[in-house]
Amino acid sequence: MYGPNAEAVLEILDRLEEIVPDDARYLTEAWLAIPKSDRDRARKAVRKLAEDDEEIARHLQLVREAVGTWMAVTGSYPEFVNAEPNWARMCGQSGEAALDAPRP
């Protein structure tokens with residue numbers, strides 16, 4: 001379903017479903033520690049691969065949908081919103097980190 005890195009992608013998605021604010025803070029800080037230029041360069045490389053390979057594009061879309069669903073459900077989860085004043089931002093950044101993690 002998720003291509004050649006399906007096992008790693010599923011592991012990341014499983015972990016994402018279990019994330020709580022403290023975990024999200026750690027994930028967000030680690031992701032932000034990577035220079036933005038490096039993250040941008042990696043994303044551009046993946047976009048290029050997806051442009052040239054329909055199967056990779058389909059796998060990436062499935063991952064985006066899974067992360068988007070997690071963000072939509074978790075972003076407004078009252079317990080997390082109450083526990084972390086910046087939860088909406090951290091939720092979005094955690095989602096971005098999850099999207100950046102699996103590479104085709």
# chains A, B, ... in the order shown; residues from 1 in each chain; ligands from 1

call {"tool": "residues_around", "arguments": {"residues": "range 61-66 of chain A", "least_positions_apart": "3", "cutoff": "8 Å", "atoms": "only C-alpha atoms", "output": "ChimeraX atom specification"}}
result
/A:2,9,13,57-58,69-70,99

call {"tool": "residues_around", "arguments": {"residues": "Trp31 in chain A", "least_positions_apart": "6", "cutoff": "10 Å", "atoms": "only C-alpha atoms", "output": "list in words"}}
result
Arg25, Arg39, Gln93, Ser94, Glu96, Ala97, Ala98, Asp100 and Ala101 of chain A

call {"tool": "select_by_dssp", "arguments": {"residues": "chain A", "states": "helix (DSSP H, G or I)", "output": "number ranges by chain"}}
result
A: 3-17, 21-33, 36-52, 54-74, 78-83, 87-100

call {"tool": "residues_around", "arguments": {"residues": "Arg15 in chain A", "least_positions_apart": "3", "cutoff": "12 Å", "atoms": "only C-alpha atoms", "output": "MDAnalysis selection string"}}
result
chainID A and resid 8:12 18:20 23:24 27 67 70 94:95 98

call {"tool": "atom_distance", "arguments": {"atom1": "CA of Ala72 in chain A", "atom2": "CA of Ala6 in chain A"}}
result
22.8 Å
